[in-house]
$ cat input-v2.cif   # mmCIF, C-alpha atoms
data_protein
loop_
_atom_site.label_atom_id
_atom_site.label_comp_id
_atom_site.auth_asym_id
_atom_site.auth_seq_id
_atom_site.Cartn_x
_atom_site.Cartn_y
_atom_site.Cartn_z
CA MET A 25 0.00 0.00 0.00
CA SER A 26 1.12 3.57 -0.65
CA ASP A 27 1.34 6.10 2.18
CA LYS A 28 -1.93 7.74 1.14
CA GLN A 29 -4.98 5.56 0.71
CA ILE A 30 -8.01 5.35 -1.54
CA VAL A 31 -11.14 4.75 0.52
CA THR A 32 -14.56 3.74 -0.76
CA ILE A 33 -17.56 4.19 1.52
CA ALA A 34 -20.17 1.62 0.46
CA GLY A 35 -23.55 2.87 1.52
CA GLY A 36 -22.28 6.38 0.93
CA GLY A 37 -25.74 7.92 1.23
CA SER A 38 -25.94 7.00 4.93
CA GLY A 39 -26.35 9.68 7.57
CA TYR A 40 -23.22 8.29 9.23
CA THR A 41 -21.04 9.20 6.24
CA PRO A 42 -20.17 12.78 7.30
CA GLY A 43 -18.88 11.54 10.67
CA ILE A 44 -16.75 8.89 8.99
CA VAL A 45 -15.35 11.37 6.45
CA LEU A 46 -14.56 13.95 9.14
CA THR A 47 -12.78 11.25 11.14
CA ILE A 48 -10.72 10.27 8.10
CA LEU A 49 -9.79 13.90 7.44
CA ASN A 50 -8.70 14.49 11.04
CA HIS A 51 -6.92 11.18 11.62
CA LYS A 52 -3.16 11.50 12.15
CA GLU A 53 -2.29 7.94 11.14
CA PHE A 54 -4.56 7.36 8.17
CA GLU A 55 -3.89 9.70 5.27
CA VAL A 56 -6.04 9.50 2.16
CA LYS A 57 -5.64 10.77 -1.36
CA GLU A 58 -9.11 9.88 -2.57
CA ILE A 59 -12.56 9.27 -1.06
CA ARG A 60 -15.33 7.62 -3.07
CA LEU A 61 -19.00 7.44 -2.16
CA TYR A 62 -20.77 4.38 -3.53
CA ASP A 63 -24.47 3.70 -3.18
CA ASP A 64 -27.12 2.02 -5.31
CA ASP A 65 -29.50 4.89 -4.51
CA PRO A 66 -28.43 7.82 -6.71
CA ILE A 67 -30.68 10.30 -4.90
CA LYS A 68 -29.25 9.56 -1.46
CA ASN A 69 -25.74 9.42 -2.87
CA GLU A 70 -26.12 12.78 -4.60
CA LYS A 71 -27.36 14.44 -1.41
CA MET A 72 -24.35 13.13 0.48
CA GLU A 73 -22.06 14.24 -2.35
CA ILE A 74 -23.28 17.79 -1.79
CA ILE A 75 -22.54 17.60 1.95
CA ILE A 76 -19.11 15.98 1.62
CA SER A 77 -18.08 18.35 -1.19
CA TYR A 78 -18.96 21.27 1.06
CA ILE A 79 -16.90 19.82 3.94
CA LEU A 80 -13.88 19.30 1.66
CA GLU A 81 -14.12 22.72 0.07
CA LYS A 82 -14.58 24.55 3.36
CA GLY A 83 -11.60 22.74 4.89
CA ASN A 84 -9.49 23.25 1.76
CA TYR A 85 -8.55 19.56 1.71
CA ASN A 86 -6.38 18.45 -1.18
CA ILE A 87 -8.23 15.17 -1.74
CA THR A 88 -9.81 13.66 -4.84
CA PHE A 89 -13.50 13.05 -4.24
CA LYS A 90 -16.08 11.29 -6.35
CA ARG A 91 -19.53 9.82 -6.03
CA THR A 92 -20.61 6.86 -8.11
CA GLU A 93 -23.29 4.20 -8.49
CA ASP A 94 -21.01 2.06 -10.67
CA PRO A 95 -19.24 -0.73 -8.73
CA LYS A 96 -16.26 -0.79 -11.06
CA GLU A 97 -15.65 2.92 -10.64
CA ALA A 98 -16.22 2.58 -6.90
CA PHE A 99 -13.81 -0.26 -6.22
CA ILE A 100 -11.09 -0.35 -8.88
CA ASN A 101 -7.68 0.20 -7.21
CA THR A 102 -9.24 1.09 -3.85
CA ASP A 103 -7.35 0.17 -0.68
CA PHE A 104 -10.14 0.13 1.92
CA ILE A 105 -13.90 -0.28 1.69
CA PHE A 106 -15.92 0.92 4.66
CA SER A 107 -19.26 -0.87 4.33
CA GLN A 108 -22.42 0.44 5.97
CA ILE A 109 -25.08 -0.64 3.50
CA ARG A 110 -28.74 -0.83 4.51
CA VAL A 111 -30.62 -3.09 2.12
CA GLY A 112 -34.20 -1.88 1.88
CA LYS A 113 -33.35 1.44 3.52
CA ILE A 114 -35.29 2.93 6.41
CA GLU A 115 -38.66 2.02 4.90
CA MET A 116 -37.95 -1.69 5.34
CA ARG A 117 -36.51 -1.11 8.80
CA GLU A 118 -39.88 0.36 9.76
CA LYS A 119 -41.57 -2.88 8.64
CA ASP A 120 -38.98 -4.98 10.51
CA GLU A 121 -39.90 -3.13 13.68
CA LYS A 122 -43.67 -2.83 13.29
CA ILE A 123 -44.66 -6.26 11.95
CA PRO A 124 -43.34 -8.22 14.98
CA LEU A 125 -44.85 -5.65 17.37
CA LYS A 126 -48.22 -6.21 15.72
CA HIS A 127 -47.91 -9.86 16.81
CA GLY A 128 -46.95 -8.92 20.37
CA ILE A 129 -43.23 -9.61 20.17
CA VAL A 130 -40.05 -7.52 20.04
CA GLY A 131 -39.76 -5.23 17.03
CA GLN A 132 -36.15 -4.10 16.67
CA GLU A 133 -33.63 -3.51 13.91
CA THR A 134 -31.02 -6.18 14.75
CA CYS A 135 -32.69 -8.26 17.47
CA GLY A 136 -35.57 -10.68 17.33
CA LEU A 137 -37.46 -11.40 14.13
CA GLY A 138 -37.00 -7.87 12.82
CA GLY A 139 -33.29 -8.52 12.97
CA PHE A 140 -33.78 -11.81 11.14
CA SER A 141 -35.79 -10.06 8.43
CA TYR A 142 -33.02 -7.51 8.02
CA GLY A 143 -30.43 -10.30 8.18
CA ILE A 144 -31.82 -12.09 5.13
CA ARG A 145 -31.91 -8.82 3.18
CA SER A 146 -28.38 -7.95 4.29
CA MET A 147 -26.96 -11.33 3.31
CA LYS A 148 -28.36 -10.98 -0.19
CA GLY A 149 -27.14 -7.41 -0.64
CA PHE A 150 -23.79 -7.81 1.09
CA LEU A 151 -22.80 -10.95 -0.79
CA LYS A 152 -23.44 -9.10 -4.06
CA LEU A 153 -21.30 -6.22 -2.78
CA VAL A 154 -18.48 -8.60 -1.88
CA GLU A 155 -18.71 -10.24 -5.31
CA ASP A 156 -18.18 -6.83 -6.93
CA ILE A 157 -15.29 -6.05 -4.61
CA GLN A 158 -13.62 -9.35 -5.40
CA THR A 159 -13.99 -8.59 -9.09
CA TYR A 160 -12.53 -5.08 -9.01
CA ALA A 161 -10.45 -4.88 -5.80
CA PRO A 162 -9.55 -8.38 -4.57
CA ASP A 163 -6.67 -7.07 -2.42
CA ALA A 164 -8.68 -4.34 -0.68
CA TRP A 165 -9.61 -4.58 2.98
CA ILE A 166 -13.35 -4.56 3.73
CA LEU A 167 -14.17 -3.02 7.11
CA ASN A 168 -17.77 -3.92 7.70
CA TYR A 169 -20.38 -2.11 9.78
CA THR A 170 -23.34 -3.67 7.94
CA ASN A 171 -25.91 -5.18 10.33
CA PRO A 172 -26.92 -7.65 11.68
CA GLU A 173 -23.20 -8.32 11.95
CA THR A 174 -23.13 -11.89 13.29
CA ILE A 175 -25.51 -13.08 10.57
CA VAL A 176 -23.63 -11.22 7.82
CA ALA A 177 -20.30 -12.52 9.14
CA GLU A 178 -21.60 -16.11 9.15
CA ALA A 179 -22.75 -15.79 5.53
CA ILE A 180 -19.37 -14.36 4.47
CA ARG A 181 -17.52 -17.08 6.41
CA ARG A 182 -19.31 -19.71 4.35
CA GLU A 183 -19.11 -18.05 0.93
CA TYR A 184 -15.74 -16.26 1.13
CA PRO A 185 -13.67 -17.95 3.88
CA ASN A 186 -10.39 -16.29 2.85
CA ILE A 187 -11.58 -12.77 2.13
CA LYS A 188 -9.86 -9.74 3.67
CA ILE A 189 -12.68 -8.55 5.89
CA ILE A 190 -13.04 -7.27 9.43
CA ASN A 191 -16.49 -7.18 11.00
CA ALA A 192 -16.72 -4.45 13.63
CA CYS A 193 -19.38 -2.94 15.87
CA ASP A 194 -18.89 0.15 18.00
CA MET A 195 -21.60 -0.71 20.55
CA THR A 196 -19.06 -1.77 23.18
CA ILE A 197 -17.36 1.61 22.76
CA GLY A 198 -20.71 3.30 23.40
CA ILE A 199 -21.25 1.23 26.54
CA GLU A 200 -17.78 1.98 27.88
CA GLU A 201 -18.08 5.68 27.13
CA ILE A 202 -21.41 6.11 28.91
CA ILE A 203 -20.15 4.14 31.91
CA SER A 204 -16.98 6.22 32.13
CA LYS A 205 -19.05 9.43 31.79
CA SER A 206 -21.55 8.29 34.42
CA PHE A 207 -18.97 7.54 37.08
CA GLY A 208 -16.08 9.88 36.29
CA LEU A 209 -13.77 7.18 34.96
CA ASP A 210 -11.19 7.22 32.16
CA ARG A 211 -11.71 4.34 29.72
CA SER A 212 -8.34 5.02 28.05
CA ASN A 213 -6.88 3.17 31.08
CA TRP A 214 -9.06 0.11 30.59
CA ILE A 215 -8.25 -3.38 29.35
CA PRO A 216 -11.72 -4.93 29.06
CA ILE A 217 -12.52 -8.59 28.56
CA TYR A 218 -15.81 -9.03 26.74
CA TYR A 219 -17.42 -12.03 25.08
CA GLY A 220 -20.61 -12.84 23.25
CA LEU A 221 -22.28 -12.47 19.90
CA ASN A 222 -22.90 -9.13 18.27
CA HIS A 223 -25.37 -7.12 20.40
CA PHE A 224 -25.46 -10.13 22.71
CA GLY A 225 -22.62 -10.26 25.23
CA TRP A 226 -21.10 -9.49 28.62
CA TYR A 227 -18.03 -7.91 30.19
CA ASP A 228 -16.11 -10.39 32.31
CA SER A 229 -13.64 -7.83 33.67
CA ILE A 230 -12.38 -4.28 33.18
CA TYR A 231 -8.78 -3.94 34.32
CA ASP A 232 -7.76 -0.34 35.01
CA VAL A 233 -4.00 0.00 34.46
CA SER A 234 -3.82 3.25 36.46
CA LEU A 235 -5.28 1.50 39.52
CA GLY A 236 -3.79 -1.93 38.93
CA ARG A 237 -7.02 -3.84 39.48
CA ASP A 238 -10.30 -5.03 37.98
CA ILE A 239 -12.85 -2.26 38.54
CA MET A 240 -15.86 -4.09 37.14
CA PRO A 241 -17.23 -5.07 40.61
CA GLU A 242 -17.20 -1.38 41.58
CA ILE A 243 -18.92 -0.38 38.34
CA LEU A 244 -21.62 -3.01 38.88
CA GLU A 245 -22.32 -1.63 42.35
CA LYS A 246 -22.53 1.91 40.98
CA ILE A 247 -24.94 0.84 38.25
CA LYS A 248 -27.18 -0.87 40.82
CA LYS A 249 -27.14 2.06 43.24
CA GLU A 250 -26.98 5.09 40.92
CA GLY A 251 -28.00 3.88 37.48
CA ILE A 252 -26.50 5.21 34.25
CA ASP A 253 -26.29 8.96 33.60
CA VAL A 254 -28.46 9.34 30.50
CA SER A 255 -28.41 13.14 30.37
CA GLY A 256 -27.98 14.26 26.78
CA GLU A 257 -29.03 10.89 25.35
CA GLU A 258 -31.89 10.49 22.88
CA PRO A 259 -35.02 9.19 24.66
CA SER A 260 -34.85 5.71 23.12
CA TRP A 261 -31.18 5.31 24.06
CA ALA A 262 -31.81 6.73 27.54
CA GLN A 263 -34.47 4.05 28.04
CA THR A 264 -32.20 1.22 26.99
CA TYR A 265 -29.47 2.34 29.42
CA GLU A 266 -32.03 2.60 32.19
CA ASN A 267 -33.03 -0.97 31.38
CA MET A 268 -29.39 -1.99 31.79
CA LYS A 269 -29.79 -1.21 35.49
CA VAL A 270 -32.66 -3.73 35.64
CA ILE A 271 -30.46 -6.41 34.06
CA VAL A 272 -27.61 -5.73 36.50
CA GLU A 273 -29.94 -5.80 39.51
CA ASN A 274 -31.17 -9.28 38.57
CA PHE A 275 -27.95 -10.66 37.07
CA PRO A 276 -25.23 -8.83 39.03
CA THR A 277 -22.08 -10.74 38.06
CA HIS A 278 -21.33 -9.15 34.66
CA ILE A 279 -21.91 -5.88 32.81
CA PRO A 280 -24.33 -6.74 29.98
CA ASN A 281 -24.59 -5.39 26.47
CA ASN A 282 -27.70 -3.24 26.68
CA TYR A 283 -29.26 -5.04 23.69
CA LEU A 284 -29.79 -8.05 25.96
CA GLU A 285 -32.91 -6.26 27.20
CA TYR A 286 -34.71 -7.59 24.11
CA TYR A 287 -33.94 -11.21 25.04
CA LEU A 288 -34.13 -11.09 28.83
CA TYR A 289 -37.03 -8.62 29.17
CA PRO A 290 -39.02 -8.60 25.93
CA ASN A 291 -42.16 -7.85 27.94
CA LEU A 292 -40.54 -4.68 29.29
CA THR A 293 -39.23 -3.43 25.94
CA ILE A 294 -42.56 -4.08 24.20
CA LYS A 295 -44.35 -2.10 26.91
CA GLN A 296 -41.91 0.77 26.37
CA THR A 297 -42.36 0.79 22.57
CA ASP A 298 -45.05 2.63 20.63
CA PRO A 299 -46.04 0.17 17.87
CA THR A 300 -47.08 3.07 15.62
CA TYR A 301 -43.91 5.14 16.12
CA THR A 302 -40.69 3.16 16.33
CA ARG A 303 -36.99 3.94 16.11
CA ALA A 304 -37.24 3.99 12.30
CA ASN A 305 -39.71 6.88 12.52
CA GLN A 306 -37.38 8.74 14.89
CA ILE A 307 -34.54 8.38 12.38
CA MET A 308 -36.73 9.56 9.51
CA GLU A 309 -37.52 12.73 11.45
CA GLY A 310 -34.00 13.08 12.83
CA ARG A 311 -30.90 11.91 10.97
CA LEU A 312 -32.56 11.67 7.54
CA GLN A 313 -34.31 15.01 7.86
CA GLN A 314 -30.96 16.51 8.90
CA ILE A 315 -29.48 15.41 5.57
CA ASP A 316 -32.26 17.11 3.61
CA ASP A 317 -32.05 20.27 5.70
CA THR A 318 -28.27 20.44 5.33
CA VAL A 319 -28.44 19.99 1.56
CA GLU A 320 -30.99 22.79 1.26
CA ARG A 321 -28.88 25.15 3.36
CA ILE A 322 -25.83 24.42 1.20
CA LYS A 323 -27.80 24.96 -2.01
CA ASP A 324 -29.26 28.21 -0.67
CA GLY A 325 -25.84 29.48 0.39
CA LYS A 326 -26.97 29.59 4.03
CA ALA A 327 -24.64 26.92 5.37
CA THR A 328 -21.94 27.99 7.80
CA ASP A 329 -21.09 25.34 10.37
CA LEU A 330 -22.71 22.00 9.61
CA ASP A 331 -24.27 19.89 12.35
CA TYR A 332 -21.79 17.09 11.79
CA GLU A 333 -18.62 16.14 13.60
CA SER A 334 -16.13 13.31 13.77
CA SER A 335 -17.90 10.47 15.55
CA GLY A 336 -17.05 7.47 17.70
CA HIS A 337 -18.72 5.39 14.99
CA GLY A 338 -16.22 6.75 12.46
CA GLN A 339 -13.28 6.74 14.85
CA TYR A 340 -13.57 3.03 15.51
CA ILE A 341 -13.47 1.94 11.89
CA VAL A 342 -10.70 4.38 10.90
CA ASP A 343 -8.60 3.29 13.90
CA ILE A 344 -8.94 -0.30 12.67
CA ALA A 345 -7.78 0.75 9.19
CA ALA A 346 -4.78 2.58 10.70
CA SER A 347 -3.85 -0.49 12.74
CA ILE A 348 -3.82 -2.59 9.54
CA LEU A 349 -1.88 0.03 7.60
CA HIS A 350 0.83 0.55 10.21
CA ASN A 351 0.86 -2.97 11.70
CA LYS A 352 0.04 -1.46 15.09
CA ASN A 353 -1.54 -4.48 16.80
CA ASP A 354 -4.15 -2.25 18.43
CA ARG A 355 -6.91 -3.99 20.36
CA PHE A 356 -10.60 -3.93 19.42
CA MET A 357 -13.79 -5.91 20.10
CA LEU A 358 -14.37 -7.71 16.80
CA ILE A 359 -16.69 -10.33 15.30
CA VAL A 360 -14.75 -13.45 14.34
CA PRO A 361 -15.15 -17.23 13.90
CA ASN A 362 -14.84 -18.71 17.38
CA LYS A 363 -12.28 -21.47 16.74
CA GLY A 364 -11.65 -21.85 20.47
CA ALA A 365 -11.62 -18.18 21.48
CA ILE A 366 -14.46 -19.10 23.86
CA PRO A 367 -13.36 -22.62 24.85
CA ASN A 368 -16.72 -24.09 25.88
CA LEU A 369 -18.71 -22.70 22.93
CA ARG A 370 -19.07 -24.47 19.59
CA GLU A 371 -16.08 -23.95 17.29
CA ASP A 372 -18.09 -22.67 14.32
CA ALA A 373 -19.93 -19.91 16.18
CA VAL A 374 -19.29 -16.33 15.09
CA VAL A 375 -18.43 -14.45 18.28
CA GLU A 376 -17.44 -10.99 19.47
CA VAL A 377 -14.23 -10.99 21.52
CA PRO A 378 -11.15 -8.80 22.08
CA SER A 379 -8.81 -9.03 19.09
CA TYR A 380 -5.56 -7.51 17.87
CA VAL A 381 -5.39 -5.99 14.39
CA ASN A 382 -2.21 -5.85 12.34
CA ALA A 383 -1.10 -5.97 8.71
CA LYS A 384 -2.26 -9.60 8.45
CA GLY A 385 -5.72 -8.79 9.78
CA VAL A 386 -7.41 -9.98 12.98
CA GLU A 387 -5.84 -12.08 15.71
CA PRO A 388 -8.52 -12.90 18.31
CA ILE A 389 -7.46 -13.58 21.88
CA SER A 390 -8.35 -16.83 23.59
CA LEU A 391 -10.31 -16.23 26.78
CA ARG A 392 -8.77 -19.33 28.35
CA PHE A 393 -11.75 -19.74 30.66
CA ASN A 394 -15.17 -21.30 30.32
CA ILE A 395 -18.04 -18.84 30.24
CA PRO A 396 -20.94 -19.37 32.70
CA ASP A 397 -23.64 -21.86 31.73
CA PHE A 398 -26.30 -19.14 31.80
CA HIS A 399 -24.46 -17.10 29.18
CA LYS A 400 -23.45 -20.20 27.25
CA GLY A 401 -27.04 -21.46 27.09
CA LEU A 402 -28.34 -18.12 25.85
CA MET A 403 -25.59 -17.87 23.26
CA GLU A 404 -25.95 -21.44 22.00
CA ALA A 405 -29.66 -20.96 21.34
CA GLN A 406 -28.94 -17.68 19.53
CA VAL A 407 -26.09 -19.21 17.50
CA ALA A 408 -28.29 -22.13 16.47
CA SER A 409 -31.15 -19.86 15.41
CA GLU A 410 -28.81 -17.61 13.40
CA LYS A 411 -27.15 -20.58 11.68
CA LEU A 412 -30.57 -21.94 10.75
CA LEU A 413 -31.40 -18.56 9.25
CA VAL A 414 -28.21 -18.59 7.17
CA ASP A 415 -29.03 -22.16 6.11
CA ALA A 416 -32.47 -20.95 5.03
CA PHE A 417 -30.89 -18.21 2.94
CA PHE A 418 -28.44 -20.46 1.10
CA GLU A 419 -30.83 -23.38 0.75
CA ASN A 420 -33.95 -21.31 -0.08
CA SER A 421 -35.58 -23.26 2.73
CA TYR A 422 -38.88 -22.15 4.26
CA GLN A 423 -38.56 -24.98 6.79
CA LYS A 424 -35.16 -23.78 8.03
CA ALA A 425 -36.47 -20.21 8.22
CA LEU A 426 -39.43 -21.36 10.32
CA GLU A 427 -37.07 -23.28 12.62
CA ALA A 428 -34.84 -20.21 12.96
CA PHE A 429 -37.80 -17.95 13.74
CA THR A 430 -39.22 -20.45 16.26
CA LEU A 431 -35.89 -20.84 18.07
CA ASN A 432 -35.31 -17.08 18.36
CA GLN A 433 -35.54 -16.28 22.07
CA THR A 434 -37.93 -13.35 21.60
CA VAL A 435 -40.61 -15.68 20.18
CA PRO A 436 -43.07 -17.47 22.52
CA ASN A 437 -44.23 -20.27 20.21
CA ALA A 438 -44.14 -21.67 16.68
CA SER A 439 -47.56 -20.24 15.80
CA VAL A 440 -46.32 -16.70 16.30
CA ALA A 441 -43.07 -17.54 14.50
CA LYS A 442 -44.98 -18.79 11.44
CA ALA A 443 -47.39 -15.86 11.36
CA VAL A 444 -44.56 -13.30 11.48
CA LEU A 445 -42.44 -15.24 8.97
CA ASP A 446 -45.29 -15.36 6.46
CA GLU A 447 -45.99 -11.65 6.83
CA LEU A 448 -42.31 -10.74 6.49
CA ILE A 449 -41.99 -12.88 3.35
CA GLU A 450 -44.75 -10.84 1.78
CA ALA A 451 -43.36 -7.53 3.05
CA ASN A 452 -39.81 -8.19 1.82
CA GLY A 453 -40.72 -9.40 -1.66
CA ASN A 454 -37.61 -9.55 -3.87
CA TYR A 455 -35.35 -8.36 -1.06
CA TRP A 456 -35.43 -11.99 0.13
CA PRO A 457 -34.62 -15.10 -1.88
CA GLU A 458 -37.67 -17.26 -2.61
CA LEU A 459 -38.22 -19.67 0.26
CA LYS A 460 -39.67 -23.02 -0.75
#
$ encode --input "input-v2.cif" --output "C-alpha cells"
Amino acid sequence: MSDKQIVTIAGGGSGYTPGIVLTILNHKEFEVKEIRLYDDDPIKNEKMEIIISYILEKGNYNITFKRTEDPKEAFINTDFIFSQIRVGKIEMREKDEKIPLKHGIVGQETCGLGGFSYGIRSMKGFLKLVEDIQTYAPDAWILNYTNPETIVAEAIRREYPNIKIINACDMTIGIEEIISKSFGLDRSNWIPIYYGLNHFGWYDSIYDVSLGRDIMPEILEKIKKEGIDVSGEEPSWAQTYENMKVIVENFPTHIPNNYLEYYLYPNLTIKQTDPTYTRANQIMEGRLQQIDDTVERIKDGKATDLDYESSGHGQYIVDIAASILHNKNDRFMLIVPNKGAIPNLREDAVVEVPSYVNAKGVEPISLRFNIPDFHKGLMEAQVASEKLLVDAFFENSYQKALEAFTLNQTVPNASVAKAVLDELIEANGNYWPELK
C-alpha cells in the first residue's frame, strides 16, 4: 500500500457518512488521497455528495472526491472499503420493527425477528457487494459495519472464507463511554474482557492500568445504586441504558450489552415501545431530515457550520484501518469465527471478543476460561437460530427459516413464528430469496 490511501464508503448515502469522512480527514495515522461514495441509490448518494463536497471545500482539503453508483468505478484500485449498506433502507426497517410488534413480540432492527428479516436482506445485498469487490479490488480490505453483523459474518464465512474482511461494531465503545461518563472514569486506562455475539454479550472484567485492578465489581455496584447517567441521550437510548440497570440488579455478576434487554425482558421493551412510532420513525424525522435540511442550506448558500462532527462510529473503523496500515496491533472488540476463542462454545460460532489488528488482519485472543452456563445457554440458542437462518438463505428453505424464527428467544411459540415469517416474506418481496 502507498502512504496515502483510496477509501470507498459503500452505503455512501448513509447519515453516518459525514462523521466517517470527518474522522478520516482528522486522523493522524490514516492519510487519504481519494474518497469515493458508492451507493445504489443515486438520490441519497447525490445528497451526500453535496454535503461531503462542502466539507472538503470549506476545509481546503487536497483530496480527490467522487460519487458513483457504478461498482467498477467505486472499487477499482481502492485500498479500503468501509461498508455500511442498509438493504431496503429505512422504509424496510420500519416494517422490521412494526410487523413483529403487531404480533406482540419484540420489534427491533437487529434483534428478534425484525433482525432476522433484516439479516436475510443484508446477506443478499452484502454478498453481491463482496462479489463486486472481489472482481474489481480483490486485495482491498473490507471493514464492515453492515448489520446484523453476526448473521452477515456467518454468511461471508461460508461463501468467502479467505476474504480480507473485518467485522466491527462500536456498541461496546458506546457502553464503555457512557459508563466512564456516568462515574467519572477514564476508559483510556481500561483493558476490558468481553465475550458474546454481536449485540449479545457481557463484560467479564475491566482492568484499570492506572489502579492496577479489575474495577468491574465497583462499576456493577454503581450501576445498581446510581444507574446510568443518561443526560444528553436520545429518549430511546436513555431508556435502553435505564433498562441496563434492571439487568444488572437481577444478574449482578457481569456488565451486559444493553441489547440483551430484548432477550431477557421482551415484555418490558414491548411495553416501552409505541407500535405506531418506532426507532425507524425517529430516524426519519431526525438523521434523515438533517441530511435534507443540510443539503438545502448548502444549495441556498446559508450553510456555515454543519451539524456534523467526527464520531465514535467513524473513529472506531478508521482506527482499525490505521492499525492494519501501520501494523500497530491495536486492540478492538471484533466479530470473528470462534475457533476456540471461547473454549466451551461451539467452534463454528461467530463471536465478538477482544482481538488484535495488524497488517495480516485480525488475531482474536483466547479467553482461556469457560463462560458461565447461563451465558453459554443463551448464546448457544442464539447461535443455532442464526445458523438456521443462514441455512435458510443459502438453501432457499422455508422450513429452516421457520425453525430459525421459532428458536429465536424473543418468540413465545411456533404459531407466532410462522405468522410473522409469512408476513415478512410478503413484506420483503424480492429483497429476500424465494423460500420453498
$ resolve_selection --input "input-v2.cif" --expression "the PyMOL selection byres ((chain A and resi 135-146) around 9)" --output "NGL selection string"
:A and (109-112 or 116-117 or 119-124 or 129-134 or 147-151 or 170-173 or 175-176 or 223 or 283-284 or 286-287 or 410 or 413-414 or 416-417 or 428-429 or 432-435 or 441 or 444-445 or 448-449 or 452 or 455-457)
$ residues_around --input "input-v2.cif" --residues "Tyr160 (chain A)" --least-positions-apart "5" --cutoff "7 Å" --atoms "all atoms listed in the file" --output "MDAnalysis selection string"
chainID A and resid 96 99:100
$ closest_residue --input "input-v2.cif" --among "A:Gln296, A:Thr318, A:Thr174, A:Lys188" --to "Ser409 (chain A)" --atoms "all atoms listed in the file"
A:Thr174
$ atom_distance --input "input-v2.cif" --atom1 "CA of Ile359 (chain A)" --atom2 "CA of Glu273 (chain A)"
28.0 Å
$ residues_around --input "input-v2.cif" --residues "region 59-72 of chain A" --least-positions-apart "4" --cutoff "7 Å" --atoms "all atoms listed in the file" --output "list in words"
Ile30, Val31, Thr32, Ile33, Ala34, Gly35, Gly36, Gly37, Ile76, Thr88, Phe89, Lys90, Arg91, Thr92, Glu93, Ala98 and Val319 of chain A
$ closest_residue --input "input-v2.cif" --among "A:Val254, A:Lys113, A:Phe224, A:Ser204" --to "Ile239 (chain A)" --atoms "all atoms listed in the file"
A:Ser204
$ closest_residue --input "input-v2.cif" --among "A:Asp210, A:Ile322, A:Arg237, A:Ile199" --to "Glu73 (chain A)" --atoms "only C-alpha atoms"
A:Ile322
$ residues_around --input "input-v2.cif" --residues "Lys57 (chain A)" --least-positions-apart "6" --cutoff "6 Å" --atoms "all atoms listed in the file" --output "mmCIF file with C-alpha atoms, keeping the file's coordinate frame"
data_model
loop_
_atom_site.group_PDB
_atom_site.id
_atom_site.type_symbol
_atom_site.label_atom_id
_atom_site.label_comp_id
_atom_site.auth_asym_id
_atom_site.auth_seq_id
_atom_site.Cartn_x
_atom_site.Cartn_y
_atom_site.Cartn_z
ATOM 1 C CA LYS A 28 -1.930 7.740 1.140
ATOM 2 C CA GLN A 29 -4.980 5.560 0.710
ATOM 3 C CA ILE A 30 -8.010 5.350 -1.540
ATOM 4 C CA ILE A 87 -8.230 15.170 -1.740
#
$ residues_around --input "input-v2.cif" --residues "region 83-85 of chain A" --least-positions-apart "2" --cutoff "12 Å" --atoms "only C-alpha atoms" --output "PDB file with C-alpha atoms, keeping the file's coordinate frame"
ATOM      1  CA  VAL A  45     -15.350  11.370   6.450  1.00  0.00           C
ATOM      2  CA  LEU A  46     -14.560  13.950   9.140  1.00  0.00           C
ATOM      3  CA  ILE A  48     -10.720  10.270   8.100  1.00  0.00           C
ATOM      4  CA  LEU A  49      -9.790  13.900   7.440  1.00  0.00           C
ATOM      5  CA  ASN A  50      -8.700  14.490  11.040  1.00  0.00           C
ATOM      6  CA  GLU A  55      -3.890   9.700   5.270  1.00  0.00           C
ATOM      7  CA  VAL A  56      -6.040   9.500   2.160  1.00  0.00           C
ATOM      8  CA  LYS A  57      -5.640  10.770  -1.360  1.00  0.00           C
ATOM      9  CA  GLU A  58      -9.110   9.880  -2.570  1.00  0.00           C
ATOM     10  CA  ILE A  59     -12.560   9.270  -1.060  1.00  0.00           C
ATOM     11  CA  ILE A  76     -19.110  15.980   1.620  1.00  0.00           C
ATOM     12  CA  SER A  77     -18.080  18.350  -1.190  1.00  0.00           C
ATOM     13  CA  TYR A  78     -18.960  21.270   1.060  1.00  0.00           C
ATOM     14  CA  ILE A  79     -16.900  19.820   3.940  1.00  0.00           C
ATOM     15  CA  LEU A  80     -13.880  19.300   1.660  1.00  0.00           C
ATOM     16  CA  GLU A  81     -14.120  22.720   0.070  1.00  0.00           C
ATOM     17  CA  ILE A  87      -8.230  15.170  -1.740  1.00  0.00           C
ATOM     18  CA  THR A  88      -9.810  13.660  -4.840  1.00  0.00           C
ATOM     19  CA  PHE A  89     -13.500  13.050  -4.240  1.00  0.00           C
ATOM     20  CA  THR A 328     -21.940  27.990   7.800  1.00  0.00           C
ATOM     21  CA  ASP A 329     -21.090  25.340  10.370  1.00  0.00           C
TER      22      ASP A 329
END
$ atom_distance --input "input-v2.cif" --atom1 "CA of Ile294 (chain A)" --atom2 "CA of Lys126 (chain A)"
10.4 Å
